[in-house]
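Listing of query-v5.cif, mmCIF, C-alpha atoms
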data_structure
loop_
_atom_site.label_atom_id
_atom_site.label_comp_id
_atom_site.auth_asym_id
_atom_site.auth_seq_id
_atom_site.Cartn_x
_atom_site.Cartn_y
_atom_site.Cartn_z
CA MET N 84 0.00 0.00 0.00
CA LEU N 85 1.27 3.48 -0.91
CA ILE N 86 1.81 5.93 1.96
CA ASP N 87 1.75 9.64 1.15
CA GLN N 88 2.67 11.58 4.30
CA GLN N 89 2.54 15.39 4.16
CA ASP N 90 3.71 17.78 6.88
CA THR N 91 6.10 20.66 7.63
CA ILE N 92 9.41 20.78 9.46
CA ASN N 93 11.16 23.89 10.76
CA ILE N 94 14.53 24.55 9.14
CA ARG N 95 16.28 27.80 10.11
CA GLY N 96 13.02 29.38 11.21
CA VAL N 97 11.10 28.42 8.05
CA ASN N 98 8.41 25.74 8.02
CA HIS N 99 9.42 23.58 5.08
CA TYR N 100 6.65 21.56 3.48
CA TYR N 101 7.59 17.98 2.71
CA GLU N 102 6.07 14.72 1.53
CA TRP N 103 7.17 11.15 2.13
CA ILE N 104 6.06 8.82 -0.64
CA ARG N 105 6.73 5.20 0.29
CA GLU N 106 5.19 1.76 0.57
CA SER N 107 3.98 0.19 3.78
CA SER N 108 6.62 -2.47 4.16
CA ASP N 109 9.11 -3.71 6.75
CA ARG N 110 11.80 -3.73 4.09
CA VAL N 111 14.46 -1.07 4.58
CA LYS N 112 14.95 0.93 1.39
CA PRO N 113 17.38 3.65 0.32
CA VAL N 114 16.02 7.20 0.33
CA MET N 115 15.80 9.42 -2.72
CA VAL N 116 15.40 13.16 -2.14
CA PHE N 117 13.87 15.34 -4.86
CA ILE N 118 14.59 19.05 -5.43
CA HIS N 119 12.37 21.20 -7.67
CA GLY N 120 13.29 24.18 -9.83
CA TRP N 121 12.64 27.93 -9.78
CA GLY N 122 9.05 29.01 -9.20
CA GLY N 123 7.88 25.42 -8.70
CA SER N 124 7.24 22.99 -5.89
CA CYS N 125 7.69 19.32 -5.15
CA HIS N 126 4.27 18.69 -6.73
CA TYR N 127 5.68 17.87 -10.16
CA TRP N 128 8.03 15.20 -8.77
CA ARG N 129 5.19 13.06 -7.38
CA SER N 130 4.69 10.95 -10.50
CA THR N 131 8.42 10.11 -10.70
CA ALA N 132 8.52 9.26 -7.01
CA LYS N 133 5.49 6.99 -7.27
CA ALA N 134 7.06 5.21 -10.25
CA ILE N 135 10.15 4.20 -8.25
CA VAL N 136 8.56 3.74 -4.82
CA SER N 137 9.02 -0.04 -4.94
CA GLU N 138 12.79 0.51 -4.67
CA TYR N 139 13.11 3.85 -2.86
CA ASP N 140 11.50 5.78 -0.04
CA CYS N 141 11.03 9.22 -1.61
CA LEU N 142 11.34 12.53 0.22
CA LEU N 143 10.01 15.56 -1.65
CA TYR N 144 10.12 19.10 -0.27
CA ASP N 145 9.41 22.71 -1.23
CA MET N 146 12.47 24.95 -1.11
CA ARG N 147 12.40 28.00 1.11
CA GLY N 148 10.09 30.67 -0.32
CA PHE N 149 8.46 28.33 -2.86
CA GLY N 150 5.36 26.18 -2.83
CA ARG N 151 4.14 25.74 0.73
CA SER N 152 7.47 26.59 2.37
CA GLN N 153 6.56 30.22 2.81
CA LYS N 154 9.18 32.37 4.54
CA ASP N 155 8.52 34.42 7.65
CA LYS N 156 9.43 38.05 6.83
CA ASN N 157 11.40 38.21 10.10
CA VAL N 158 13.73 35.41 9.01
CA ASN N 159 16.88 36.78 7.39
CA ILE N 160 18.54 34.10 5.27
CA GLY N 161 20.29 34.60 1.94
CA TYR N 162 19.13 33.39 -1.46
CA GLU N 163 22.43 32.18 -2.88
CA LEU N 164 22.64 28.64 -4.22
CA GLU N 165 24.91 27.82 -1.28
CA ASP N 166 22.21 28.98 1.16
CA TYR N 167 19.73 26.51 -0.31
CA ALA N 168 22.37 23.76 -0.17
CA GLN N 169 22.69 24.46 3.56
CA ASP N 170 18.90 24.23 3.90
CA LEU N 171 19.05 20.77 2.34
CA LEU N 172 21.86 19.66 4.65
CA LEU N 173 19.86 20.71 7.71
CA LEU N 174 16.79 18.96 6.30
CA LEU N 175 18.71 15.69 6.01
CA ASP N 176 20.07 16.12 9.53
CA ALA N 177 16.57 16.73 10.86
CA PHE N 178 15.40 13.44 9.32
CA LYS N 179 18.64 11.67 10.37
CA LEU N 180 19.41 10.70 6.78
CA ASP N 181 23.10 9.82 6.58
CA LYS N 182 23.25 8.84 2.91
CA ILE N 183 20.80 9.47 0.09
CA TYR N 184 20.16 9.33 -3.61
CA LEU N 185 19.42 12.76 -5.06
CA ASN N 186 17.22 13.81 -7.98
CA SER N 187 17.03 17.49 -8.90
CA HIS N 188 15.79 19.82 -11.61
CA SER N 189 16.77 23.17 -13.13
CA MET N 190 17.74 25.67 -10.39
CA GLY N 191 17.35 22.82 -7.92
CA ALA N 192 20.02 20.93 -9.87
CA SER N 193 22.41 23.87 -9.36
CA VAL N 194 21.71 23.65 -5.63
CA ALA N 195 22.22 19.88 -5.83
CA THR N 196 25.57 20.25 -7.62
CA ILE N 197 26.88 22.48 -4.85
CA PHE N 198 25.42 20.12 -2.23
CA ILE N 199 27.14 17.10 -3.80
CA ASN N 200 30.51 18.77 -3.36
CA LEU N 201 29.63 20.08 0.10
CA VAL N 202 29.02 16.60 1.54
CA PRO N 203 29.95 13.97 -1.09
CA GLU N 204 30.08 11.29 1.58
CA ARG N 205 26.31 11.62 2.02
CA ILE N 206 25.41 11.04 -1.65
CA GLU N 207 25.18 7.57 -3.15
CA LYS N 208 24.27 8.72 -6.66
CA ALA N 209 22.86 11.96 -8.06
CA ILE N 210 20.62 12.91 -10.98
CA LEU N 211 20.69 16.43 -12.41
CA THR N 212 17.82 17.17 -14.78
CA CYS N 213 17.97 20.16 -17.16
CA ASN N 214 21.03 21.96 -15.91
CA GLY N 215 24.35 23.10 -17.34
CA ILE N 216 26.87 25.90 -17.72
CA PHE N 217 26.56 29.15 -19.62
CA THR N 218 28.76 32.09 -20.54
CA TYR N 219 28.51 35.56 -19.06
CA ASN N 220 27.01 38.37 -21.14
CA ALA N 221 26.47 41.57 -19.15
CA LEU N 222 23.79 43.01 -21.46
CA ALA N 223 21.88 39.74 -21.79
CA PHE N 224 21.99 39.10 -18.04
CA SER N 225 20.84 42.63 -17.28
CA ALA N 226 17.92 42.29 -19.69
CA PHE N 227 17.03 38.89 -18.23
CA HIS N 228 17.06 40.24 -14.68
CA LYS N 229 14.91 43.22 -15.68
CA ALA N 230 12.37 41.01 -17.43
CA GLY N 231 12.42 38.58 -14.53
CA GLY N 232 11.74 41.41 -12.13
CA TYR N 233 8.61 42.39 -14.06
CA VAL N 234 7.45 38.78 -14.25
CA VAL N 235 7.80 38.34 -10.48
CA LYS N 236 6.27 41.71 -9.63
CA PHE N 237 3.18 41.55 -11.80
CA ARG N 238 1.60 38.30 -10.66
CA TYR N 239 -2.13 38.22 -10.00
CA ASN N 240 -4.35 35.39 -8.85
CA TRP N 241 -6.92 36.28 -11.48
CA PHE N 242 -4.51 34.79 -14.03
CA LEU N 243 -5.94 31.42 -12.95
CA LYS N 244 -9.35 32.45 -14.30
CA VAL N 245 -8.06 33.41 -17.74
CA PRO N 246 -8.90 30.69 -20.31
CA PHE N 247 -5.81 28.69 -21.32
CA ALA N 248 -3.59 30.78 -19.01
CA ASP N 249 -1.85 27.62 -17.83
CA LYS N 250 -1.05 26.57 -21.40
CA MET N 251 0.30 30.02 -22.27
CA PHE N 252 2.38 30.05 -19.09
CA MET N 253 3.92 26.63 -19.81
CA ALA N 254 4.38 27.08 -23.57
CA ARG N 255 8.03 28.11 -23.36
CA PHE N 256 8.88 25.30 -20.94
CA LEU N 257 7.46 22.40 -22.95
CA ASN N 258 7.95 20.73 -26.29
CA LYS N 259 5.31 18.06 -25.62
CA PRO N 260 1.99 18.56 -23.82
CA ILE N 261 1.52 17.47 -20.21
CA PRO N 262 -1.75 16.86 -18.30
CA GLN N 263 -3.73 20.05 -17.69
CA ASP N 264 -3.82 19.57 -13.91
CA LEU N 265 -0.01 19.76 -13.90
CA SER N 266 0.02 22.92 -16.01
CA ILE N 267 -2.47 24.56 -13.65
CA ALA N 268 -0.39 23.45 -10.65
CA PHE N 269 2.73 25.06 -12.18
CA LEU N 270 0.89 28.36 -12.59
CA GLU N 271 -0.43 28.16 -9.03
CA ASP N 272 3.08 27.52 -7.69
CA PHE N 273 4.46 30.47 -9.63
CA LEU N 274 1.77 32.79 -8.24
CA LEU N 275 2.35 31.47 -4.72
CA ALA N 276 6.14 31.93 -4.67
CA ASP N 277 7.47 34.45 -2.15
CA TYR N 278 8.44 37.71 -3.88
CA ASP N 279 11.91 37.99 -2.31
CA ALA N 280 12.74 34.34 -2.91
CA ALA N 281 11.53 34.36 -6.53
CA LEU N 282 13.34 37.59 -7.39
CA ASN N 283 16.63 36.95 -5.60
CA THR N 284 17.04 33.41 -6.90
CA ILE N 285 16.81 34.82 -10.44
CA TYR N 286 19.81 36.96 -9.57
CA SER N 287 21.76 34.15 -7.88
CA SER N 288 21.05 31.48 -10.51
CA VAL N 289 21.81 33.61 -13.56
CA SER N 290 24.77 35.71 -12.51
CA LYS N 291 28.44 36.34 -13.13
CA LYS N 292 29.18 34.45 -9.93
CA ALA N 293 27.23 31.40 -11.12
CA VAL N 294 29.06 31.48 -14.46
CA GLU N 295 32.36 31.43 -12.58
CA ILE N 296 31.62 28.82 -9.91
CA MET N 297 29.37 26.27 -11.62
CA PRO N 298 32.01 24.91 -14.06
CA GLN N 299 34.27 24.37 -11.04
CA GLU N 300 31.46 22.61 -9.18
CA PHE N 301 30.76 20.24 -12.08
CA SER N 302 34.49 19.51 -12.40
CA LYS N 303 34.77 18.64 -8.69
CA ILE N 304 31.95 16.08 -8.57
CA LYS N 305 33.26 12.76 -7.25
CA VAL N 306 30.03 10.73 -6.94
CA PRO N 307 28.33 8.95 -9.86
CA THR N 308 26.07 11.54 -11.48
CA LEU N 309 23.59 11.42 -14.35
CA LEU N 310 22.88 14.68 -16.20
CA ILE N 311 19.73 14.59 -18.36
CA SER N 312 18.80 17.31 -20.86
CA GLY N 313 15.71 17.85 -22.97
CA GLU N 314 16.69 18.10 -26.64
CA LYS N 315 14.33 21.04 -27.23
CA ASP N 316 14.81 22.78 -23.88
CA GLN N 317 14.57 26.56 -24.38
CA ILE N 318 15.32 27.44 -20.75
CA ILE N 319 18.61 25.56 -20.34
CA PRO N 320 19.52 24.30 -23.83
CA ALA N 321 20.90 20.79 -24.12
CA ILE N 322 24.24 22.12 -25.35
CA MET N 323 24.77 23.66 -21.89
CA GLY N 324 24.12 20.33 -20.19
CA LYS N 325 26.49 18.52 -22.52
CA ALA N 326 29.19 21.14 -21.88
CA ALA N 327 28.83 20.63 -18.12
CA ALA N 328 29.11 16.84 -18.43
CA GLU N 329 32.21 17.13 -20.61
CA LEU N 330 34.00 18.89 -17.76
CA ASN N 331 33.90 15.64 -15.76
CA PRO N 332 33.44 12.60 -18.02
CA THR N 333 34.70 10.24 -15.31
CA ASN N 334 31.85 10.93 -12.92
CA ILE N 335 29.09 12.55 -15.01
CA THR N 336 27.07 10.53 -17.51
CA TYR N 337 25.18 12.65 -20.04
CA LYS N 338 21.88 11.68 -21.65
CA GLU N 339 19.56 13.69 -23.89
CA ILE N 340 15.87 12.92 -24.33
CA PRO N 341 14.63 13.70 -27.88
CA GLN N 342 11.67 15.98 -28.51
CA THR N 343 11.36 17.18 -24.90
CA GLY N 344 11.69 20.61 -23.34
CA HIS N 345 12.45 21.70 -19.79
CA PHE N 346 10.41 18.94 -18.12
CA PRO N 347 11.50 15.66 -19.73
CA MET N 348 10.35 13.71 -16.66
CA LEU N 349 6.78 14.75 -17.52
CA GLU N 350 6.98 15.05 -21.30
CA ASP N 351 8.44 11.59 -21.93
CA VAL N 352 7.88 9.55 -18.79
CA PRO N 353 8.94 6.11 -20.13
CA THR N 354 12.27 7.35 -21.50
CA TYR N 355 13.06 9.35 -18.38
CA LEU N 356 12.32 6.42 -16.07
CA SER N 357 14.29 4.06 -18.28
CA LEU N 358 17.36 6.32 -18.10
CA ILE N 359 17.30 6.86 -14.36
CA ASN N 360 16.59 3.19 -13.59
CA ALA N 361 19.48 2.06 -15.78
CA PHE N 362 21.77 4.56 -14.04
CA LEU N 363 20.62 3.68 -10.52
CA THR N 364 20.99 -0.06 -10.99
#
Represent the structure of the file as structure tokens.
Amino acid sequence: MLIDQQDTINIRGVNHYYEWIRESSDRVKPVMVFIHGWGGSCHYWRSTAKAIVSEYDCLLYDMRGFGRSQKDKNVNIGYELEDYAQDLLLLLDAFKLDKIYLNSHSMGASVATIFINLVPERIEKAILTCNGIFTYNALAFSAFHKAGGYVVKFRYNWFLKVPFADKMFMARFLNKPIPQDLSIAFLEDFLLADYDAALNTIYSSVSKKAVEIMPQEFSKIKVPTLLISGEKDQIIPAIMGKAAAELNPTNITYKEIPQTGHFPMLEDVPTYLSLINAFLT
């Protein structure tokens, strides 16, 4: 029988929402922790977790300021990728998880990459989905930050009542359609995200600092890692994922899923599951 436990746990003064997806069994299983991307929540990892629950106990959580992990305005914690890696470390400590498997996506995969190098002894294997390295362009970054600021600032709940708003919102992220309930959930998560968290993680994820440190982080990875890109990803193009993997061919295996965008785990479920299962076993 499938057990879906949902609750919150306080990490650095922030109640972090989490879900345990596991089977009712006396068998001891390894734990896989899932990390979502910018503007999202753990909601979109549920289907992947349920597909592997026979072999793993799955811990999903909403990062600070996203989903249902809403930040208290009196809590003063940074929004650098390293800050979110520290959140994850404290989360594992709170659950007394000494060693885990890790599956991450987009911005969450950047956090995961830093986390892997922070405590490699606590990672069995890691999966990075839709991530990579990019080059610095001051004008392009400035324009991106300005546009991102407008996107974060002008969010209104009435968007949910606009016909096909969810499809318009997800159009740039997808190459193949996904179920409508997932598209609506993505839009809801985006509207729910804390303003400071959403804005500042744009700056920390796409920055000169990230351009400088992320290649080093990929190069330093010592645990077996699978990096999966969507062939048609417009957010983090596959060429960026391939470039990251080529920095560390000994420890990073690169795979590309044809005809998928920024959410290959939802756009082509069978191929995604086949790749991660082959890597994990």
Give me, as a tab-separated table, each residue of region 178-265 of chain N that comes within 7 Å of region 284-291 of chain N, together with its shortest interatomic pair and the distance in Å at one decimal, counting only C-alpha atoms, with rows ordered by chain and rising residue number.
residue	atom	partner	partner_atom	distance
N:Met190	CA	N:Ser288	CA	6.7
N:Tyr219	CA	N:Lys291	CA	6.0
N:His228	CA	N:Tyr286	CA	6.7
Show me a table, sorted first by chain and then by increasing residue number, of the residues of region 203-238 of chain N having an atom at most 12 Å from region 242-261 of chain N, each with its shortest atom pair and the distance in Å to one decimal, counting only C-alpha atoms and written as a tab-separated table.
residue	atom	partner	partner_atom	distance
N:Cys213	CA	N:Phe256	CA	11.1
N:Val234	CA	N:Phe252	CA	11.2
N:Phe237	CA	N:Phe242	CA	10.5
N:Arg238	CA	N:Phe242	CA	7.8
What does the file look like for those residues with C-alpha atoms, as a tab-separated table (two decimals), in the frame of the given file?
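Once written, result-v4.tsv looks like this:
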chain	number	residue	atom	x	y	z
N	213	CYS	CA	17.97	20.16	-17.16
N	234	VAL	CA	7.45	38.78	-14.25
N	237	PHE	CA	3.18	41.55	-11.80
N	238	ARG	CA	1.60	38.30	-10.66
Taking (14.0, 14.3, -28.9) in the coordinates of the supplied file, I want to know which residues reach to within 8 Å of it, counting all atoms listed in the file; could you give the answer as a PyMOL selection string?
chain N and resi 313-315+339-343
Of the candidates N:Ala195, N:Met146, N:Ile210, N:Leu330, which shows the shortest atom-to-atom distance to Trp121 (chain N), using only C-alpha atoms?
N:Met146
How would you write, as a ChimeraX atom specification, the residues chosen by the PyMOL selection byres ((chain N and resi 273-282) around 9) on this structure?
/N:121-124,147-154,161-162,228,231-232,235-236,238-240,242,268-272,283-286
To verify the selection step, state as a PDB file with C-alpha atoms, in the coordinates of the input which residues the PyMOL selection byres ((chain N and resi 110) around 12) yields on this input.
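So the final result, stored in expr38.pdb, reads:
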ATOM      1  CA  ARG N 105       6.730   5.200   0.290  1.00  0.00           C
ATOM      2  CA  GLU N 106       5.190   1.760   0.570  1.00  0.00           C
ATOM      3  CA  SER N 107       3.980   0.190   3.780  1.00  0.00           C
ATOM      4  CA  SER N 108       6.620  -2.470   4.160  1.00  0.00           C
ATOM      5  CA  ASP N 109       9.110  -3.710   6.750  1.00  0.00           C
ATOM      6  CA  VAL N 111      14.460  -1.070   4.580  1.00  0.00           C
ATOM      7  CA  LYS N 112      14.950   0.930   1.390  1.00  0.00           C
ATOM      8  CA  PRO N 113      17.380   3.650   0.320  1.00  0.00           C
ATOM      9  CA  SER N 137       9.020  -0.040  -4.940  1.00  0.00           C
ATOM     10  CA  GLU N 138      12.790   0.510  -4.670  1.00  0.00           C
ATOM     11  CA  TYR N 139      13.110   3.850  -2.860  1.00  0.00           C
ATOM     12  CA  ASP N 140      11.500   5.780  -0.040  1.00  0.00           C
TER      13      ASP N 140
END
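Taking CA of Ile183 (chain N) and CA of Pro353 (chain N) as endpoints, the distance between them is 23.7 Å.
Proximity to Arg205 (chain N) was assessed for N:Tyr184, N:Trp241, N:Phe217, N:Phe301 counting only C-alpha atoms; the smallest distance is recorded for N:Tyr184.
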Provide the CA of Leu185 (chain N) to CA of Ile118 (chain N) distance in Å, to one decimal place.
7.9 Å
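Closest approach to Asp90 (chain N) among N:Gly215, N:Phe346, N:Asn186, N:Leu142 is made by N:Leu142 (distances from all atoms listed in the file).
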Requested file, region 145-169 of chain N restricted to N, CA and C atoms, as a tab-separated table (two decimals), in the first residue's frame:
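Once everything was written out, this is part.tsv:
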chain	number	residue	atom	x	y	z
N	145	ASP	N	9.45	21.39	-0.57
N	145	ASP	CA	9.41	22.71	-1.23
N	145	ASP	C	10.55	23.55	-0.68
N	146	MET	N	11.37	24.09	-1.55
N	146	MET	CA	12.47	24.95	-1.11
N	146	MET	C	11.94	26.23	-0.46
N	147	ARG	N	12.78	26.80	0.36
N	147	ARG	CA	12.40	28.00	1.11
N	147	ARG	C	11.91	29.11	0.19
N	148	GLY	N	10.67	29.59	0.47
N	148	GLY	CA	10.09	30.67	-0.32
N	148	GLY	C	9.28	30.20	-1.51
N	149	PHE	N	9.21	28.88	-1.71
N	149	PHE	CA	8.46	28.33	-2.86
N	149	PHE	C	7.43	27.32	-2.37
N	150	GLY	N	6.40	27.13	-3.19
N	150	GLY	CA	5.36	26.18	-2.83
N	150	GLY	C	4.75	26.51	-1.48
N	151	ARG	N	4.73	25.54	-0.60
N	151	ARG	CA	4.14	25.74	0.73
N	151	ARG	C	5.18	26.00	1.81
N	152	SER	N	6.42	26.23	1.40
N	152	SER	CA	7.47	26.59	2.37
N	152	SER	C	7.61	28.11	2.40
N	153	GLN	N	6.58	28.77	2.85
N	153	GLN	CA	6.56	30.22	2.81
N	153	GLN	C	7.38	30.82	3.95
N	154	LYS	N	8.21	31.78	3.61
N	154	LYS	CA	9.18	32.37	4.54
N	154	LYS	C	8.55	33.43	5.43
N	155	ASP	N	8.89	33.37	6.71
N	155	ASP	CA	8.52	34.42	7.65
N	155	ASP	C	9.36	35.66	7.32
N	156	LYS	N	8.72	36.81	7.20
N	156	LYS	CA	9.43	38.05	6.83
N	156	LYS	C	10.50	38.43	7.85
N	157	ASN	N	10.41	37.89	9.07
N	157	ASN	CA	11.40	38.21	10.10
N	157	ASN	C	12.64	37.32	10.01
N	158	VAL	N	12.60	36.31	9.18
N	158	VAL	CA	13.73	35.41	9.01
N	158	VAL	C	14.67	35.97	7.94
N	159	ASN	N	15.92	36.17	8.31
N	159	ASN	CA	16.88	36.78	7.39
N	159	ASN	C	17.91	35.75	6.95
N	160	ILE	N	17.63	35.08	5.84
N	160	ILE	CA	18.54	34.10	5.27
N	160	ILE	C	18.76	34.47	3.80
N	161	GLY	N	19.97	34.23	3.32
N	161	GLY	CA	20.29	34.60	1.94
N	161	GLY	C	19.61	33.71	0.91
N	162	TYR	N	19.76	34.12	-0.35
N	162	TYR	CA	19.13	33.39	-1.46
N	162	TYR	C	20.16	32.88	-2.46
N	163	GLU	N	21.41	32.75	-2.01
N	163	GLU	CA	22.43	32.18	-2.88
N	163	GLU	C	22.20	30.68	-3.00
N	164	LEU	N	22.76	30.09	-4.04
N	164	LEU	CA	22.64	28.64	-4.22
N	164	LEU	C	23.21	27.90	-3.01
N	165	GLU	N	24.30	28.44	-2.45
N	165	GLU	CA	24.91	27.82	-1.28
N	165	GLU	C	23.98	27.85	-0.07
N	166	ASP	N	23.16	28.89	0.04
N	166	ASP	CA	22.21	28.98	1.16
N	166	ASP	C	21.18	27.86	1.07
N	167	TYR	N	20.71	27.58	-0.14
N	167	TYR	CA	19.73	26.51	-0.31
N	167	TYR	C	20.37	25.13	-0.13
N	168	ALA	N	21.67	25.02	-0.45
N	168	ALA	CA	22.37	23.76	-0.17
N	168	ALA	C	22.46	23.52	1.33
N	169	GLN	N	22.67	24.59	2.09
N	169	GLN	CA	22.69	24.46	3.56
N	169	GLN	C	21.32	24.08	4.10
